[in-house]
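Coordinates as given in data_20.txt (compact mmCIF, C-alpha atoms and all ligand atoms):
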```
# COMPACT_ATOMS: atom_id res chain seq x y z
CA MET W 133 48.93 -5.21 -9.79
CA ILE W 134 46.87 -6.57 -12.63
CA ASN W 135 44.94 -3.74 -14.17
CA ILE W 136 41.72 -5.54 -15.13
CA LYS W 137 40.02 -2.36 -16.23
CA THR W 138 39.13 1.08 -15.01
CA ILE W 139 35.89 1.41 -13.01
CA ASN W 140 34.00 4.26 -14.63
CA VAL W 141 31.70 6.18 -12.33
CA GLY W 142 28.73 8.40 -13.06
CA LEU W 143 28.19 10.83 -10.19
CA LEU W 144 24.70 12.21 -9.59
CA GLY W 145 24.93 15.36 -7.49
CA ILE W 146 28.04 17.44 -6.84
CA GLY W 147 26.91 19.10 -3.58
CA THR W 148 28.71 18.64 -0.26
CA VAL W 149 29.18 14.85 -0.40
CA GLY W 150 29.63 14.73 -4.19
CA GLY W 151 32.31 17.40 -3.99
CA GLY W 152 34.00 15.56 -1.11
CA THR W 153 33.92 12.30 -3.07
CA PHE W 154 35.52 13.93 -6.11
CA LYS W 155 38.22 15.52 -3.99
CA VAL W 156 39.14 12.41 -1.96
CA LEU W 157 39.13 10.19 -5.07
CA GLN W 158 41.51 12.62 -6.71
CA ARG W 159 43.75 13.16 -3.68
CA ASN W 160 44.08 9.46 -2.78
CA ALA W 161 43.83 8.05 -6.31
CA ALA W 162 47.03 6.00 -6.13
CA GLU W 163 46.25 4.45 -2.71
CA ILE W 164 42.66 3.75 -3.69
CA SER W 165 43.61 2.05 -6.92
CA ARG W 166 46.24 -0.10 -5.12
CA ARG W 167 43.43 -1.26 -2.85
CA ALA W 168 40.77 -1.66 -5.50
CA GLY W 169 42.99 -3.46 -8.01
CA CYS W 170 42.13 -0.97 -10.74
CA PRO W 171 41.77 2.79 -11.16
CA ILE W 172 38.45 4.38 -10.23
CA HIS W 173 37.60 7.21 -12.54
CA ILE W 174 34.69 9.65 -12.44
CA SER W 175 33.78 9.86 -16.07
CA VAL W 176 30.59 11.92 -15.92
CA VAL W 177 28.91 14.18 -13.36
CA ALA W 178 25.28 15.25 -13.41
CA ASP W 179 24.01 18.27 -11.53
CA ARG W 180 21.50 21.01 -12.25
CA ASN W 181 24.30 23.47 -11.53
CA LEU W 182 26.76 23.00 -14.41
CA ALA W 183 28.94 25.87 -13.18
CA LEU W 184 29.40 24.03 -9.89
CA ILE W 185 30.49 20.87 -11.71
CA GLN W 186 33.04 22.93 -13.62
CA GLU W 187 34.26 24.57 -10.42
CA VAL W 188 34.65 21.29 -8.47
CA THR W 189 36.05 19.10 -11.25
CA GLY W 190 38.01 21.72 -13.15
CA GLY W 191 36.53 20.26 -16.31
CA THR W 192 38.30 16.91 -15.87
CA CYS W 193 35.19 14.87 -16.68
CA ARG W 194 32.10 15.07 -18.82
CA MET W 195 29.22 17.04 -17.34
CA THR W 196 25.48 17.15 -17.84
CA ASP W 197 22.32 18.45 -16.21
CA ASP W 198 20.46 15.30 -17.27
CA ALA W 199 20.92 12.64 -14.60
CA PHE W 200 18.86 10.12 -16.61
CA SER W 201 21.45 10.21 -19.38
CA VAL W 202 24.10 9.12 -16.84
CA VAL W 203 22.21 6.05 -15.61
CA ALA W 204 21.88 4.91 -19.24
CA ASP W 205 25.44 5.86 -20.25
CA PRO W 206 27.19 2.80 -21.76
CA GLU W 207 30.56 3.96 -20.42
CA VAL W 208 29.35 4.04 -16.79
CA ASP W 209 29.87 0.97 -14.58
CA VAL W 210 28.79 2.42 -11.24
CA VAL W 211 26.30 5.19 -10.48
CA ILE W 212 26.74 7.20 -7.27
CA GLU W 213 23.40 8.65 -6.23
CA LEU W 214 23.78 11.69 -3.97
CA ILE W 215 20.54 13.47 -4.80
CA GLY W 216 18.56 12.28 -1.77
CA GLY W 217 14.85 11.88 -1.09
CA TYR W 218 12.35 9.35 -2.37
CA GLY W 219 11.31 11.10 -5.59
CA VAL W 220 13.58 11.35 -8.62
CA ALA W 221 16.34 9.54 -6.71
CA LYS W 222 14.20 6.39 -6.71
CA ASP W 223 13.54 6.63 -10.45
CA LEU W 224 17.25 7.14 -11.09
CA VAL W 225 18.34 4.22 -8.89
CA MET W 226 15.76 1.90 -10.45
CA ALA W 227 16.80 3.04 -13.95
CA ALA W 228 20.48 2.53 -13.15
CA ILE W 229 19.74 -1.02 -11.96
CA ALA W 230 17.65 -1.69 -15.06
CA HIS W 231 20.62 -0.62 -17.17
CA GLY W 232 22.84 -3.07 -15.27
CA LYS W 233 24.80 -0.46 -13.32
CA HIS W 234 25.99 -0.99 -9.78
CA VAL W 235 24.77 1.75 -7.44
CA VAL W 236 26.37 3.51 -4.48
CA THR W 237 24.02 5.66 -2.48
CA ALA W 238 24.00 7.67 0.75
CA ASN W 239 20.20 7.80 0.64
CA LYS W 240 18.87 6.28 3.86
CA ALA W 241 15.35 7.61 3.31
CA LEU W 242 15.10 5.89 -0.06
CA LEU W 243 16.42 2.54 1.21
CA ALA W 244 14.45 2.54 4.47
CA VAL W 245 11.22 3.12 2.58
CA HIS W 246 11.81 1.40 -0.79
CA GLY W 247 14.76 -0.85 0.03
CA ASN W 248 12.88 -4.13 -0.44
CA GLU W 249 11.91 -3.20 -3.99
CA ILE W 250 15.35 -1.78 -4.80
CA PHE W 251 17.31 -4.75 -3.43
CA ALA W 252 15.00 -7.21 -5.21
CA ALA W 253 15.53 -5.40 -8.51
CA ALA W 254 19.30 -5.36 -7.96
CA GLN W 255 19.29 -9.05 -7.08
CA ALA W 256 17.31 -9.89 -10.22
CA LYS W 257 19.69 -7.88 -12.38
CA GLY W 258 22.84 -9.15 -10.64
CA VAL W 259 24.07 -5.71 -9.58
CA ILE W 260 25.21 -4.34 -6.24
CA VAL W 261 23.51 -1.52 -4.34
CA ALA W 262 26.02 -0.32 -1.74
CA PHE W 263 25.06 2.10 1.01
CA GLU W 264 27.76 2.42 3.67
CA ALA W 265 27.31 6.21 3.64
CA ALA W 266 23.60 5.93 4.42
CA VAL W 267 24.09 5.08 8.10
CA ALA W 268 26.36 7.08 10.42
CA GLY W 269 28.32 8.69 7.56
CA GLY W 270 32.00 7.87 7.86
CA ILE W 271 31.63 5.11 10.49
CA PRO W 272 31.91 1.73 8.72
CA ILE W 273 28.95 0.39 10.67
CA ILE W 274 27.37 -1.49 7.77
CA LYS W 275 30.64 -3.28 7.13
CA ALA W 276 30.82 -4.15 10.83
CA VAL W 277 27.26 -5.44 11.18
CA ARG W 278 27.15 -7.20 7.81
CA GLU W 279 30.60 -8.77 7.79
CA GLY W 280 32.66 -8.22 10.94
CA LEU W 281 29.96 -9.54 13.26
CA ALA W 282 28.68 -12.28 10.96
CA ALA W 283 29.32 -15.00 13.56
CA ASN W 284 26.97 -13.43 16.08
CA ARG W 285 23.37 -13.62 16.95
CA ILE W 286 22.96 -9.87 17.29
CA GLU W 287 20.86 -9.02 20.33
CA TRP W 288 20.43 -5.28 20.07
CA ILE W 289 21.79 -2.11 18.52
CA ALA W 290 21.53 1.36 20.03
CA GLY W 291 22.95 4.35 18.23
CA ILE W 292 23.37 8.08 18.25
CA ILE W 293 22.84 8.24 14.51
CA ASN W 294 21.78 11.82 13.97
CA GLY W 295 24.44 14.47 14.46
CA THR W 296 22.09 17.44 14.32
CA THR W 297 20.06 16.30 17.31
CA ASN W 298 23.14 15.22 19.25
CA PHE W 299 24.62 18.67 18.71
CA ILE W 300 21.38 20.28 19.93
CA LEU W 301 21.14 18.03 23.00
CA SER W 302 24.79 18.67 23.89
CA GLU W 303 24.26 22.43 23.69
CA MET W 304 21.01 22.26 25.69
CA ARG W 305 22.83 20.36 28.45
CA ASP W 306 26.01 22.45 28.40
CA LYS W 307 24.31 25.82 28.39
CA GLY W 308 20.92 25.05 29.97
CA LEU W 309 19.21 26.49 26.89
CA SER W 310 15.84 25.58 25.39
CA PHE W 311 15.43 23.44 22.28
CA ALA W 312 14.15 26.39 20.24
CA THR W 313 17.11 28.62 21.13
CA VAL W 314 19.70 25.98 20.33
CA LEU W 315 17.98 24.99 17.09
CA LYS W 316 18.21 28.59 15.85
CA GLU W 317 21.91 28.68 16.72
CA ALA W 318 22.47 25.31 15.03
CA GLN W 319 20.80 26.63 11.89
CA ARG W 320 22.95 29.75 11.97
CA LEU W 321 26.10 27.62 12.22
CA GLY W 322 24.93 25.34 9.41
CA TYR W 323 24.59 22.24 11.66
CA ALA W 324 20.83 22.12 11.20
CA GLU W 325 19.03 22.50 7.90
CA ALA W 326 16.56 25.31 7.17
CA ASP W 327 13.82 22.66 7.40
CA PRO W 328 15.10 20.53 10.28
CA THR W 329 11.99 18.31 10.58
CA PHE W 330 13.55 14.99 9.51
CA ASP W 331 16.44 15.45 11.91
CA VAL W 332 14.73 16.88 14.98
CA GLU W 333 11.62 14.71 14.77
CA GLY W 334 13.70 11.52 14.63
CA VAL W 335 12.81 10.52 11.07
CA ASP W 336 16.41 10.48 9.81
CA ALA W 337 17.49 8.33 12.77
CA ALA W 338 14.51 6.03 12.14
CA HIS W 339 15.59 5.55 8.52
CA LYS W 340 19.04 4.52 9.72
CA ILE W 341 17.95 2.20 12.54
CA THR W 342 15.49 0.56 10.13
CA LEU W 343 18.41 -0.40 7.89
CA LEU W 344 20.56 -1.57 10.81
CA ALA W 345 17.68 -3.65 12.21
CA SER W 346 17.23 -5.47 8.91
CA MET W 347 20.93 -6.28 8.72
CA ALA W 348 21.11 -7.29 12.37
CA PHE W 349 18.18 -9.69 12.32
CA GLY W 350 17.86 -10.67 8.66
CA MET W 351 14.48 -9.19 7.86
CA PRO W 352 13.05 -6.93 5.14
CA VAL W 353 13.08 -3.17 5.85
CA GLN W 354 9.97 -2.10 7.75
CA PHE W 355 10.27 1.65 8.25
CA ASP W 356 6.51 2.09 8.49
CA LYS W 357 6.48 0.05 11.71
CA ALA W 358 9.16 2.11 13.49
CA HIS W 359 8.09 4.11 16.52
CA ILE W 360 9.46 7.65 16.13
CA GLU W 361 9.74 10.48 18.62
CA GLY W 362 12.08 13.44 18.21
CA ILE W 363 13.52 16.03 20.57
CA SER W 364 11.43 19.11 19.74
CA THR W 365 9.33 18.83 22.91
CA LEU W 366 12.20 17.89 25.20
CA GLN W 367 12.69 20.37 28.02
CA ALA W 368 15.99 21.59 29.47
CA THR W 369 14.55 20.82 32.95
CA ASP W 370 14.49 17.11 32.17
CA ILE W 371 18.04 17.14 30.87
CA GLU W 372 19.06 18.73 34.18
CA TYR W 373 17.12 16.32 36.40
CA ALA W 374 18.49 13.38 34.41
CA GLU W 375 21.99 14.73 35.01
CA GLN W 376 21.34 14.94 38.76
CA LEU W 377 20.29 11.29 38.70
CA GLY W 378 23.43 10.23 36.81
CA TYR W 379 21.99 10.03 33.29
CA ARG W 380 22.36 11.83 30.00
CA ILE W 381 19.57 12.19 27.45
CA LYS W 382 20.42 11.13 23.89
CA LEU W 383 18.24 10.62 20.85
CA LEU W 384 18.79 6.91 20.31
CA GLY W 385 17.82 4.62 17.49
CA ILE W 386 17.18 1.29 19.20
CA THR W 387 16.45 -2.13 17.80
CA LYS W 388 16.23 -5.21 19.96
CA ARG W 389 15.31 -8.83 19.39
CA THR W 390 12.83 -10.16 21.96
CA ALA W 391 10.92 -13.44 22.23
CA GLU W 392 7.79 -11.63 20.99
CA GLY W 393 9.28 -9.70 18.08
CA VAL W 394 11.64 -6.89 17.22
CA GLU W 395 11.68 -3.49 18.87
CA LEU W 396 12.33 -0.68 16.40
CA ARG W 397 12.21 2.75 17.95
CA VAL W 398 13.70 6.23 18.04
CA HIS W 399 13.18 8.51 21.02
CA PRO W 400 15.03 10.64 23.56
CA THR W 401 16.53 8.17 26.03
CA LEU W 402 18.17 8.44 29.42
CA ILE W 403 21.44 6.51 29.52
CA PRO W 404 23.84 6.21 32.45
CA THR W 405 26.51 8.93 32.24
CA LYS W 406 29.18 6.32 32.95
CA ARG W 407 28.56 4.60 29.59
CA LEU W 408 31.03 5.64 26.87
CA ILE W 409 28.18 6.33 24.45
CA ALA W 410 26.62 8.80 26.90
CA ASN W 411 29.73 10.94 26.44
CA VAL W 412 29.46 11.25 22.68
CA GLU W 413 28.93 14.97 22.29
CA GLY W 414 28.33 17.52 19.56
CA ALA W 415 27.58 16.35 16.04
CA MET W 416 29.40 13.03 16.48
CA ASN W 417 27.71 9.65 15.96
CA ALA W 418 28.21 6.37 17.82
CA VAL W 419 26.67 2.94 17.50
CA LEU W 420 26.67 0.22 20.13
CA VAL W 421 26.13 -3.34 18.91
CA GLN W 422 25.56 -6.25 21.26
CA GLY W 423 26.35 -9.68 19.85
CA ASP W 424 26.09 -12.97 21.73
CA ALA W 425 29.66 -13.99 20.97
CA VAL W 426 31.53 -10.70 20.82
CA GLY W 427 29.62 -8.92 23.59
CA SER W 428 29.37 -5.18 23.33
CA THR W 429 31.16 -3.27 20.55
CA LEU W 430 31.14 0.50 20.02
CA TYR W 431 31.74 2.44 16.81
CA TYR W 432 32.36 6.19 16.92
CA GLY W 433 32.99 8.89 14.34
CA LYS W 434 31.61 11.59 12.12
CA GLY W 435 28.11 10.86 10.86
CA ALA W 436 28.00 13.62 8.25
CA GLY W 437 30.15 16.07 6.33
CA ALA W 438 31.83 16.10 2.95
CA GLU W 439 34.91 13.93 3.45
CA PRO W 440 33.64 11.60 6.22
CA THR W 441 30.69 10.67 4.03
CA ALA W 442 32.93 10.50 0.95
CA SER W 443 35.08 8.04 2.89
CA ALA W 444 32.11 5.66 3.05
CA VAL W 445 31.06 6.27 -0.57
CA ILE W 446 34.55 5.49 -1.85
CA ALA W 447 34.86 2.39 0.36
CA ASP W 448 31.74 1.15 -1.44
CA LEU W 449 33.36 1.89 -4.81
CA VAL W 450 36.40 -0.14 -3.75
CA ASP W 451 34.14 -3.02 -2.63
CA ILE W 452 32.37 -2.97 -5.97
CA SER W 453 35.68 -2.93 -7.83
CA ARG W 454 36.71 -6.04 -5.92
CA MET W 455 33.39 -7.87 -5.99
CA HIS W 456 31.77 -7.07 -9.30
CA THR W 457 33.28 -10.04 -11.10
CA ALA W 458 32.18 -12.46 -8.35
CA ALA W 459 29.05 -14.50 -8.89
CA GLN W 460 26.03 -13.10 -7.10
CA GLU W 461 26.00 -15.88 -4.49
CA ASN W 462 29.60 -15.04 -3.56
CA ARG W 463 28.94 -11.37 -2.88
CA VAL W 464 28.00 -9.87 0.49
CA PRO W 465 24.17 -9.84 0.57
CA HIS W 466 22.53 -6.41 0.64
CA LEU W 467 20.87 -6.99 4.01
CA ALA W 468 23.62 -9.23 5.46
CA PHE W 469 21.56 -12.43 5.15
CA GLN W 470 21.07 -14.25 1.84
CA ALA W 471 18.08 -12.71 0.06
CA ASP W 472 16.04 -15.94 0.26
CA GLN W 473 16.79 -16.21 3.98
CA LEU W 474 15.18 -12.94 5.08
CA VAL W 475 12.40 -13.54 7.60
CA GLY W 476 9.49 -11.16 8.12
CA LEU W 477 9.89 -10.84 11.88
CA PRO W 478 7.08 -8.88 13.56
CA ILE W 479 7.90 -5.39 14.78
CA LEU W 480 6.47 -4.76 18.24
CA SER W 481 4.16 -1.83 18.81
CA ILE W 482 5.55 0.67 21.33
CA ASP W 483 2.87 -0.49 23.82
CA GLU W 484 4.61 -3.85 24.02
CA VAL W 485 8.12 -2.50 24.59
CA VAL W 486 9.63 -3.27 27.99
CA THR W 487 12.00 -0.66 29.40
CA SER W 488 12.57 1.65 32.36
CA TYR W 489 11.05 5.09 32.68
CA TYR W 490 11.74 8.60 33.90
CA LEU W 491 8.60 10.35 35.11
CA ARG W 492 8.35 13.99 36.10
CA LEU W 493 5.25 15.32 37.72
CA ARG W 494 4.16 18.48 39.38
CA VAL W 495 2.60 17.74 42.77
CA GLN W 496 1.07 19.75 45.58
CA ASP W 497 3.49 20.02 48.44
CA LYS W 498 1.48 18.40 51.23
CA SER W 499 1.45 15.18 53.23
CA GLY W 500 0.16 11.95 51.72
CA VAL W 501 0.90 12.88 48.11
CA LEU W 502 3.87 10.58 47.75
CA ALA W 503 1.91 7.74 49.41
CA GLU W 504 -0.86 8.05 46.81
CA ILE W 505 1.60 7.95 43.94
CA THR W 506 3.64 5.05 45.26
CA ARG W 507 0.40 3.12 45.91
CA ILE W 508 -0.55 3.41 42.22
CA LEU W 509 2.92 2.28 41.18
CA ALA W 510 2.93 -0.64 43.63
CA GLU W 511 -0.50 -1.83 42.51
CA ALA W 512 0.76 -1.91 38.91
CA ASN W 513 3.90 -3.77 39.97
CA VAL W 514 6.14 -0.90 38.96
CA SER W 515 9.21 -0.72 41.15
CA ILE W 516 10.90 2.63 41.84
CA ASP W 517 14.63 2.83 41.19
CA ALA W 518 15.33 6.42 42.27
CA MET W 519 13.47 9.59 43.15
CA ILE W 520 14.08 13.27 43.67
CA GLN W 521 11.73 15.91 44.95
CA LYS W 522 12.64 19.52 44.45
CA GLU W 523 11.56 22.05 47.08
CA PRO W 524 8.88 24.41 45.78
CA SER W 525 10.30 27.73 44.67
CA GLU W 526 9.55 30.78 46.80
CA GLY W 527 5.81 31.54 46.73
CA GLU W 528 4.92 28.27 44.94
CA GLU W 529 2.84 25.46 46.37
CA GLN W 530 3.81 22.77 43.89
CA ALA W 531 6.99 20.80 43.69
CA ASP W 532 8.59 18.75 40.94
CA LEU W 533 8.72 15.04 41.68
CA VAL W 534 10.99 12.92 39.49
CA LEU W 535 10.89 9.13 39.53
CA LEU W 536 12.96 6.50 37.81
CA THR W 537 11.27 3.13 37.51
CA HIS W 538 12.57 -0.36 36.98
CA GLN W 539 11.53 -2.16 33.80
CA THR W 540 7.89 -2.49 32.92
CA ARG W 541 5.80 -2.71 29.76
CA GLU W 542 4.93 0.59 28.07
CA LYS W 543 1.18 -0.01 28.23
CA ASN W 544 1.51 -0.65 31.97
CA ILE W 545 3.34 2.63 32.58
CA ASN W 546 0.79 4.47 30.44
CA ALA W 547 -2.03 3.12 32.63
CA VAL W 548 -0.09 4.20 35.73
CA ILE W 549 0.41 7.69 34.27
CA ALA W 550 -3.31 8.03 33.51
CA GLN W 551 -4.13 7.20 37.15
CA ILE W 552 -1.49 9.60 38.48
CA GLU W 553 -2.71 12.42 36.25
CA ALA W 554 -6.24 11.87 37.57
CA LEU W 555 -5.14 12.57 41.16
CA ALA W 556 -6.34 15.93 42.51
CA VAL W 557 -2.89 16.54 44.01
CA VAL W 558 -1.13 16.24 40.64
CA ASP W 559 -1.11 19.22 38.29
CA GLY W 560 -0.99 18.87 34.53
CA LYS W 561 0.61 16.12 32.50
CA VAL W 562 3.29 13.68 33.55
CA VAL W 563 6.48 13.92 31.49
CA LYS W 564 7.55 10.41 30.45
CA LEU W 565 10.95 9.52 29.00
CA ARG W 566 12.41 6.07 28.41
CA MET W 567 15.61 4.89 30.01
CA GLU W 568 18.08 2.23 28.83
CA THR W 569 20.99 0.94 30.87
CA LEU W 570 22.75 -0.42 27.74
CA GLY W 571 24.58 -2.87 29.97
N1 LIG X 601 21.28 14.99 8.83
C1 LIG X 601 22.07 13.90 9.32
C2 LIG X 601 22.57 14.22 10.72
C3 LIG X 601 23.26 13.59 8.48
O1 LIG X 601 22.31 15.28 11.27
O2 LIG X 601 23.22 13.36 11.29
C4 LIG X 601 22.91 12.85 7.25
O3 LIG X 601 22.31 11.63 7.55
```

Take the structure I supplied and represent it as structure tokens, if you would.
Ligand code: HSE
Amino acid sequence: MINIKTINVGLLGIGTVGGGTFKVLQRNAAEISRRAGCPIHISVVADRNLALIQEVTGGTCRMTDDAFSVVADPEVDVVIELIGGYGVAKDLVMAAIAHGKHVVTANKALLAVHGNEIFAAAQAKGVIVAFEAAVAGGIPIIKAVREGLAANRIEWIAGIINGTTNFILSEMRDKGLSFATVLKEAQRLGYAEADPTFDVEGVDAAHKITLLASMAFGMPVQFDKAHIEGISTLQATDIEYAEQLGYRIKLLGITKRTAEGVELRVHPTLIPTKRLIANVEGAMNAVLVQGDAVGSTLYYGKGAGAEPTASAVIADLVDISRMHTAAQENRVPHLAFQADQLVGLPILSIDEVVTSYYLRLRVQDKSGVLAEITRILAEANVSIDAMIQKEPSEGEEQADLVLLTHQTREKNINAVIAQIEALAVVDGKVVKLRMETLG
């Protein structure tokens, strides 16, 4: 092995992932350096908690509480940003690029929102911004989409890309518990954060599917156009009815190329139980990618955690070690397509999305009710795929009616729902969920 030089790393943040990165780099140093072609050495760590740096590193590298000194440090070749968020992390990444450092980051929020600016700055400076850890943690999904599937016209991607919500949904289904009850338990076990908003409201998944969509279709990141719904209003009843109909509800990030534009959406989705991805339970992640040549491919693994995420961070370090001497045009482009070949494809509004639907309504249990509802559906050209009606409970006069429809446009189903809700025999609001066959 020719030892060109050591890659010197400045690590920003020694929390869970930073600690995992340090540990795996140390444990597998010999293997990693045989792969990289040179040793990878953490030369400086920045964290507000200096005692923690000392504890994790055992004093084997320099330490500081000033992250800005690291991004300007002449000894540092690569900066690993593990601070998170769009605030100081953005300033640090932009400063690192300006100082000619390559960057490895796990920060999906930052890249989904400011990726265009960051990648342009990196391109202009001739440095690499690597982000395998930003999507689905330890699963090498960026490698797969950007390189492994490069022959394909990618048609769609659908992924369980948030472990917290998948854990909550699995528990709700297993135990028949409400969202609120399971969330509390998930927080107690450390699966969900104290402020779980980004996870449970689908924002984290939307950050990740935004990045995947750009790499799948060769377009700039457009997080602001993503349609986002989380799981906080999902009811255990619907999980149970879906199960009876042969479906499981998962929070999916979905992006699809259509003749009219690109769908970019995150929402609870019914998927047939017989699909492998429907059986991904607990905090695990899985991503399904459909390419025209390869067909359907599925990637499964841990989407979070110290060492799974470190696995992705270090893979990026190895890539940088191998690629940094290559001319810019010979490197893998940040968003899979050459920077001057990105096309600003339109993102479709949710009203224009075409999919199938699950509808649950509360109806009075008397003759003619079903006829009225099916008339509205027929007039709107919405075909029914399956239906269940549950007998009213003792002493009740209303029954639950659950319908699965064939594909129709979202604005069409919304008009149908408005008409159904206006019927005197229908009580309250119709529950609407989207359904994907993923076939
Ligand atoms: N909070 C994320 C999840 C992991 O629950 O999957 C980091 O992206």

Report task. Would you mind reading off the distance between CA of Gly414 (chain W) and CA of Gly291 (chain W), one decimal, in Å? Result ->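 Those two atoms sit 14.3 Å apart.
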
Query - Surrounding residues as a list in words, ligand LIG 601 (chain X), max 8 Å, all atoms listed in the file - result: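 Using all atoms listed in the file, everything at most 8 Å from ligand LIG 601 (chain X) comes to Lys240, Ala266, Val267, Ala268, Gly269, Ile293, Asn294, Gly295, Thr296, Thr297, Tyr323, Ala324, Glu325, Phe330, Asp331, Asp336, Ala337, Ala415, Asn417, Gly435, Ala436 and Gly437 of chain W.
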
Suppose we keep C-alpha atoms; can you now write the selection as a PDB file, in the frame of the given file?
```pdb
ATOM      1  CA  LYS W 240      18.870   6.280   3.860  1.00  0.00           C
ATOM      2  CA  ALA W 266      23.600   5.930   4.420  1.00  0.00           C
ATOM      3  CA  VAL W 267      24.090   5.080   8.100  1.00  0.00           C
ATOM      4  CA  ALA W 268      26.360   7.080  10.420  1.00  0.00           C
ATOM      5  CA  GLY W 269      28.320   8.690   7.560  1.00  0.00           C
ATOM      6  CA  ILE W 293      22.840   8.240  14.510  1.00  0.00           C
ATOM      7  CA  ASN W 294      21.780  11.820  13.970  1.00  0.00           C
ATOM      8  CA  GLY W 295      24.440  14.470  14.460  1.00  0.00           C
ATOM      9  CA  THR W 296      22.090  17.440  14.320  1.00  0.00           C
ATOM     10  CA  THR W 297      20.060  16.300  17.310  1.00  0.00           C
ATOM     11  CA  TYR W 323      24.590  22.240  11.660  1.00  0.00           C
ATOM     12  CA  ALA W 324      20.830  22.120  11.200  1.00  0.00           C
ATOM     13  CA  GLU W 325      19.030  22.500   7.900  1.00  0.00           C
ATOM     14  CA  PHE W 330      13.550  14.990   9.510  1.00  0.00           C
ATOM     15  CA  ASP W 331      16.440  15.450  11.910  1.00  0.00           C
ATOM     16  CA  ASP W 336      16.410  10.480   9.810  1.00  0.00           C
ATOM     17  CA  ALA W 337      17.490   8.330  12.770  1.00  0.00           C
ATOM     18  CA  ALA W 415      27.580  16.350  16.040  1.00  0.00           C
ATOM     19  CA  ASN W 417      27.710   9.650  15.960  1.00  0.00           C
ATOM     20  CA  GLY W 435      28.110  10.860  10.860  1.00  0.00           C
ATOM     21  CA  ALA W 436      28.000  13.620   8.250  1.00  0.00           C
ATOM     22  CA  GLY W 437      30.150  16.070   6.330  1.00  0.00           C
TER      23      GLY W 437
END
```

Query raised in the report: In Å, how far is it from CA of Asn239 (chain W) to CA of Gly217 (chain W)?
Result: 6.9 Å

Query raised in the report: Near region 531-537 of chain W, within 6 Å and counting all atoms listed in the file, which residues show up once chain neighbours fewer than 3 positions away are dropped, as a list of chain:residue names?
Result: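 Once the adjacent positions are removed, what remains is W:Ser488, W:Tyr489, W:Tyr490, W:Leu491, W:Arg492, W:Leu493, W:Arg494, W:Val495, W:Asp497, W:Ser515, W:Ile516, W:Asp517, W:Ala518, W:Met519, W:Ile520, W:Gln521, W:Lys522, W:Glu523, W:Pro524.
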
Using all atoms listed in the file, determine which residues lie at most 9 Å from region 170-185 of chain W, disregarding the query and same-chain residues fewer than 3 positions distant; provide the list as an mmCIF file with C-alpha atoms, in the coordinates of the input.
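To be explicit, this is the file written out as result_28.cif:
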```cif
data_model
loop_
_atom_site.group_PDB
_atom_site.id
_atom_site.type_symbol
_atom_site.label_atom_id
_atom_site.label_comp_id
_atom_site.auth_asym_id
_atom_site.auth_seq_id
_atom_site.Cartn_x
_atom_site.Cartn_y
_atom_site.Cartn_z
ATOM 1 C CA MET W 133 48.930 -5.210 -9.790
ATOM 2 C CA ILE W 134 46.870 -6.570 -12.630
ATOM 3 C CA ASN W 135 44.940 -3.740 -14.170
ATOM 4 C CA ILE W 136 41.720 -5.540 -15.130
ATOM 5 C CA LYS W 137 40.020 -2.360 -16.230
ATOM 6 C CA THR W 138 39.130 1.080 -15.010
ATOM 7 C CA ILE W 139 35.890 1.410 -13.010
ATOM 8 C CA ASN W 140 34.000 4.260 -14.630
ATOM 9 C CA VAL W 141 31.700 6.180 -12.330
ATOM 10 C CA GLY W 142 28.730 8.400 -13.060
ATOM 11 C CA LEU W 143 28.190 10.830 -10.190
ATOM 12 C CA LEU W 144 24.700 12.210 -9.590
ATOM 13 C CA GLY W 145 24.930 15.360 -7.490
ATOM 14 C CA ILE W 146 28.040 17.440 -6.840
ATOM 15 C CA GLY W 147 26.910 19.100 -3.580
ATOM 16 C CA GLY W 151 32.310 17.400 -3.990
ATOM 17 C CA PHE W 154 35.520 13.930 -6.110
ATOM 18 C CA LEU W 157 39.130 10.190 -5.070
ATOM 19 C CA GLN W 158 41.510 12.620 -6.710
ATOM 20 C CA ALA W 161 43.830 8.050 -6.310
ATOM 21 C CA ALA W 162 47.030 6.000 -6.130
ATOM 22 C CA ILE W 164 42.660 3.750 -3.690
ATOM 23 C CA SER W 165 43.610 2.050 -6.920
ATOM 24 C CA ARG W 166 46.240 -0.100 -5.120
ATOM 25 C CA ARG W 167 43.430 -1.260 -2.850
ATOM 26 C CA VAL W 188 34.650 21.290 -8.470
ATOM 27 C CA THR W 189 36.050 19.100 -11.250
ATOM 28 C CA GLY W 190 38.010 21.720 -13.150
ATOM 29 C CA GLY W 191 36.530 20.260 -16.310
ATOM 30 C CA THR W 192 38.300 16.910 -15.870
ATOM 31 C CA CYS W 193 35.190 14.870 -16.680
ATOM 32 C CA ARG W 194 32.100 15.070 -18.820
ATOM 33 C CA MET W 195 29.220 17.040 -17.340
ATOM 34 C CA THR W 196 25.480 17.150 -17.840
ATOM 35 C CA ASP W 197 22.320 18.450 -16.210
ATOM 36 C CA ASP W 198 20.460 15.300 -17.270
ATOM 37 C CA ALA W 199 20.920 12.640 -14.600
ATOM 38 C CA PHE W 200 18.860 10.120 -16.610
ATOM 39 C CA SER W 201 21.450 10.210 -19.380
ATOM 40 C CA VAL W 202 24.100 9.120 -16.840
ATOM 41 C CA GLU W 207 30.560 3.960 -20.420
ATOM 42 C CA VAL W 208 29.350 4.040 -16.790
ATOM 43 C CA ILE W 215 20.540 13.470 -4.800
ATOM 44 C CA LEU W 449 33.360 1.890 -4.810
ATOM 45 C CA VAL W 450 36.400 -0.140 -3.750
ATOM 46 C CA SER W 453 35.680 -2.930 -7.830
ATOM 47 C CA ARG W 454 36.710 -6.040 -5.920
#
```
